[in-house]
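Undergrad: This is the structure I want to talk about, given as C-alpha cells.
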Amino acid sequence: EVQLVESGGGLVQPGGSLRLACEGSGFNFGITAMSWARQRPGKGVEWIGTINSAGIVSSYPASVKGRFTGSRDNANNMVYMQLNNVTAADTAVYYCALGPNSISPRGQGTRVTVAS
C-alpha cells in the first residue's frame, strides 16, 4: 500500500523559511519521481514541482520559482521542499504526490500558515 506522510508545516512569518518533509513507503521509492503540490484556501490543488529519482528538479511554476527548492534522500525514503522568502500567498496545505507532474495520489498534507 502506498503511503505518503508529510510533515514540517506550521506558522511562519512573511519572509521566513520552512522545510517540509515527506516520507514514502509501499513502493520502490528510489526509482520513483515525486511531486509536490499545494492547496491554497478556496483554490484547487496546484502542482509546485517534481523531483526525479536522481534528485533533479527540472522546473518549478512561476509562483514558487526561485524561492522553493526540492530535494530527496533515497536512503531514507524522504523528499523535502525548502520554502524560502514566503509570503501570505504561500499559505496552503502542502502535499507530496507519487509520480512526475502529479497531484495524486498524495498524502494527508501539512499546513503552512504565513502570518505575522
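Each chain in the C-alpha cells gets a letter, A, B, ..., in the order shown, and its residues are numbered from 1; ligands are numbered from 1 in order too.
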Could you give me, as a list in words, the residues within 6 Å of Gly9 of chain A, counting only C-alpha atoms and dropping anything in the same chain fewer than 6 positions from it?
TA: Thr110, Arg111 and Val112 of chain A
Undergrad: Could the residues in this selection be written to a file with all heavy atoms, as a short mmCIF file (atom, residue, chain, number, x, y, z; two decimals), in the first residue's frame?
TA:
data_model
loop_
_atom_site.label_atom_id
_atom_site.label_comp_id
_atom_site.auth_asym_id
_atom_site.auth_seq_id
_atom_site.Cartn_x
_atom_site.Cartn_y
_atom_site.Cartn_z
N THR A 110 0.41 18.81 4.94
CA THR A 110 0.88 19.55 6.11
C THR A 110 0.57 21.03 5.87
O THR A 110 0.83 21.56 4.79
CB THR A 110 2.38 19.29 6.37
OG1 THR A 110 2.77 19.89 7.60
CG2 THR A 110 3.27 19.79 5.24
N ARG A 111 0.01 21.66 6.88
CA ARG A 111 -0.48 23.03 6.70
C ARG A 111 0.60 24.05 6.99
O ARG A 111 1.27 23.99 8.02
CB ARG A 111 -1.68 23.28 7.62
CG ARG A 111 -2.35 24.65 7.43
CD ARG A 111 -3.57 24.75 8.32
NE ARG A 111 -4.57 23.74 8.01
CZ ARG A 111 -5.48 23.84 7.07
NH1 ARG A 111 -5.53 24.95 6.32
NH2 ARG A 111 -6.34 22.87 6.85
N VAL A 112 0.74 25.00 6.09
CA VAL A 112 1.65 26.13 6.27
C VAL A 112 0.83 27.41 6.32
O VAL A 112 0.03 27.67 5.41
CB VAL A 112 2.68 26.20 5.13
CG1 VAL A 112 3.52 27.47 5.25
CG2 VAL A 112 3.57 24.96 5.13
#
Undergrad: Which residues are close to segment 58-62 of chain A, i.e. within 6 Å by only C-alpha atoms, leaving aside same-chain residues fewer than 3 positions away? Reply as an NGL selection string.
TA: :A and (48-49 or 65)
Undergrad: Counting only C-alpha atoms, which of A:Met78, A:Val45, A:Leu20, A:Ile51 gets nearest to Asn101 of chain A?
TA: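 Of all the options, A:Ile51 lies closest to Asn101 of chain A.
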Undergrad: One decimal, in Å: what's the spacing between atom CA of Asn84 of chain A and atom CA of Arg67 of chain A?
TA: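 Those two atoms sit 5.0 Å apart.
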Undergrad: Could you list, as a ChimeraX atom specification, every residue within 12 Å of Gly42 of chain A, counting only C-alpha atoms and ignoring same-chain residues fewer than 5 positions away?
TA: /A:89,91-93
Undergrad: Residues as selected, N, CA, C and O atoms, written as a CSV table (one decimal), in the first residue's frame, can you do that?
TA:
chain,number,residue,atom,x,y,z
A,89,ALA,N,0.6,34.6,0.3
A,89,ALA,CA,0.1,33.8,-0.8
A,89,ALA,C,0.6,32.3,-0.8
A,89,ALA,O,0.1,31.5,-1.5
A,91,THR,N,0.4,30.6,2.0
A,91,THR,CA,-0.4,29.8,2.9
A,91,THR,C,-1.3,28.8,2.2
A,91,THR,O,-2.0,29.1,1.3
A,92,ALA,N,-1.1,27.5,2.7
A,92,ALA,CA,-1.7,26.4,2.0
A,92,ALA,C,-1.5,25.1,2.7
A,92,ALA,O,-0.7,25.1,3.7
A,93,VAL,N,-2.2,24.1,2.3
A,93,VAL,CA,-1.9,22.7,2.7
A,93,VAL,C,-0.9,22.2,1.6
A,93,VAL,O,-1.3,22.2,0.4
Undergrad: Going by DSSP on the backbone, which residues of chain A come out as strand (DSSP E)? List them as a VMD selection string.
TA: chain A and resid 3 to 7 10 to 12 18 to 25 34 to 39 45 to 51 68 to 73 78 to 83 92 to 98 110 to 114
Undergrad: I want to know what sits within 10 Å of Gly99 of chain A, based on only C-alpha atoms, with residues of the same chain fewer than 2 positions away left out; could you give that as a count of residues only?
TA: 17
Undergrad: Can you list, as an mmCIF file with C-alpha atoms, in the first residue's frame, every protein, DNA or RNA residue that comes within 8 Å of Asp90 of chain A when you count only C-alpha atoms, leaving out same-chain residues fewer than 4 positions away?
TA:
data_model
loop_
_atom_site.group_PDB
_atom_site.id
_atom_site.type_symbol
_atom_site.label_atom_id
_atom_site.label_comp_id
_atom_site.auth_asym_id
_atom_site.auth_seq_id
_atom_site.Cartn_x
_atom_site.Cartn_y
_atom_site.Cartn_z
ATOM 1 C CA ARG A 40 -4.409 27.417 -1.031
ATOM 2 C CA VAL A 86 7.441 33.033 1.942
ATOM 3 C CA VAL A 112 1.653 26.127 6.271
ATOM 4 C CA THR A 113 0.356 29.450 7.510
ATOM 5 C CA VAL A 114 2.268 32.606 6.685
#
Undergrad: Find the residues near Arg72 of chain A: any atom within 10 Å, counting only C-alpha atoms, skip ones fewer than 2 places away on the same chain, and give them as a ChimeraX atom specification.
TA: /A:21-23,30,34,51-56,70,74-81
Undergrad: Based on the selection just made, write N, CA and C atoms of those residues as a compact mmCIF listing (two decimals), in the first residue's frame.
TA:
# COMPACT_ATOMS: atom_id res chain seq x y z
N ALA A 21 8.78 18.01 4.78
CA ALA A 21 9.29 16.67 4.53
C ALA A 21 8.15 15.72 4.18
N CYS A 22 8.51 14.69 3.45
CA CYS A 22 7.53 13.66 3.07
C CYS A 22 8.23 12.32 3.06
N GLU A 23 7.67 11.40 3.79
CA GLU A 23 8.19 10.03 3.80
C GLU A 23 7.28 9.14 2.97
N GLY A 30 13.20 4.70 -4.49
CA GLY A 30 14.44 5.15 -5.11
C GLY A 30 14.39 5.33 -6.61
N MET A 34 8.88 12.05 -7.63
CA MET A 34 7.92 12.53 -6.64
C MET A 34 7.59 13.99 -6.93
N ILE A 51 10.51 16.15 -8.52
CA ILE A 51 11.91 15.78 -8.37
C ILE A 51 12.09 14.36 -8.89
N ASN A 52 13.04 14.17 -9.79
CA ASN A 52 13.22 12.83 -10.35
C ASN A 52 13.99 11.94 -9.39
N SER A 53 14.19 10.70 -9.77
CA SER A 53 14.82 9.74 -8.86
C SER A 53 16.25 10.12 -8.51
N ALA A 54 16.88 10.88 -9.39
CA ALA A 54 18.26 11.31 -9.14
C ALA A 54 18.34 12.59 -8.32
N GLY A 55 17.21 13.15 -7.98
CA GLY A 55 17.21 14.35 -7.15
C GLY A 55 17.22 15.65 -7.93
N ILE A 56 16.89 15.57 -9.20
CA ILE A 56 16.90 16.76 -10.04
C ILE A 56 15.46 17.26 -10.23
N GLY A 70 13.36 21.73 -4.06
CA GLY A 70 13.10 20.35 -3.72
C GLY A 70 14.39 19.56 -3.59
N ASN A 74 17.11 9.30 -0.88
CA ASN A 74 16.58 7.99 -1.24
C ASN A 74 16.89 6.92 -0.19
N ALA A 75 17.97 7.10 0.53
CA ALA A 75 18.33 6.12 1.55
C ALA A 75 17.28 6.05 2.66
N ASN A 76 16.59 7.14 2.87
CA ASN A 76 15.59 7.21 3.94
C ASN A 76 14.17 7.43 3.43
N ASN A 77 13.98 7.28 2.12
CA ASN A 77 12.65 7.40 1.50
C ASN A 77 12.01 8.76 1.81
N MET A 78 12.80 9.80 1.69
CA MET A 78 12.30 11.14 2.02
C MET A 78 12.45 12.09 0.85
N VAL A 79 11.48 12.95 0.70
CA VAL A 79 11.61 14.12 -0.17
C VAL A 79 11.36 15.35 0.68
N TYR A 80 11.96 16.44 0.26
CA TYR A 80 11.87 17.69 1.01
C TYR A 80 11.53 18.83 0.07
N MET A 81 10.92 19.85 0.65
CA MET A 81 10.73 21.09 -0.08
C MET A 81 11.11 22.23 0.87
Undergrad: What parts of chain A does DSSP call helix (DSSP H, G or I)? I'd like the answer as a short mmCIF file (atom, residue, chain, number, x, y, z; two decimals) with N, CA, C and O atoms, in the first residue's frame.
TA:
data_model
loop_
_atom_site.label_atom_id
_atom_site.label_comp_id
_atom_site.auth_asym_id
_atom_site.auth_seq_id
_atom_site.Cartn_x
_atom_site.Cartn_y
_atom_site.Cartn_z
N PHE A 29 10.72 3.51 -3.80
CA PHE A 29 10.94 4.94 -3.68
C PHE A 29 12.12 5.43 -4.51
O PHE A 29 12.05 6.46 -5.18
N GLY A 30 13.20 4.70 -4.49
CA GLY A 30 14.44 5.15 -5.11
C GLY A 30 14.39 5.33 -6.61
O GLY A 30 15.23 6.03 -7.18
N ILE A 31 13.39 4.74 -7.27
CA ILE A 31 13.31 4.88 -8.72
C ILE A 31 12.07 5.67 -9.13
O ILE A 31 11.73 5.72 -10.31
N ASN A 74 17.11 9.30 -0.88
CA ASN A 74 16.58 7.99 -1.24
C ASN A 74 16.89 6.92 -0.19
O ASN A 74 16.15 5.96 -0.05
N ALA A 75 17.97 7.10 0.53
CA ALA A 75 18.33 6.12 1.55
C ALA A 75 17.28 6.05 2.66
O ALA A 75 17.12 5.00 3.30
N ASN A 76 16.59 7.14 2.87
CA ASN A 76 15.59 7.21 3.94
C ASN A 76 14.17 7.43 3.43
O ASN A 76 13.27 7.72 4.21
N ALA A 88 2.21 35.69 2.23
CA ALA A 88 0.88 35.24 2.62
C ALA A 88 0.26 34.35 1.54
O ALA A 88 -0.54 33.45 1.85
N ALA A 89 0.65 34.57 0.31
CA ALA A 89 0.11 33.76 -0.80
C ALA A 89 0.59 32.32 -0.75
O ALA A 89 0.07 31.47 -1.49
N ASP A 90 1.58 32.04 0.08
CA ASP A 90 2.08 30.67 0.22
C ASP A 90 1.31 29.90 1.29
O ASP A 90 1.60 28.71 1.51
#
Undergrad: Considering only C-alpha atoms, state which residue in the set A:Gly107, A:Leu83, A:Ser116, A:Leu4 is at the smallest distance from Val64 of chain A.
TA: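 Going through A:Gly107, A:Leu83, A:Ser116, A:Leu4 one by one, the smallest distance to Val64 of chain A is for A:Leu83.
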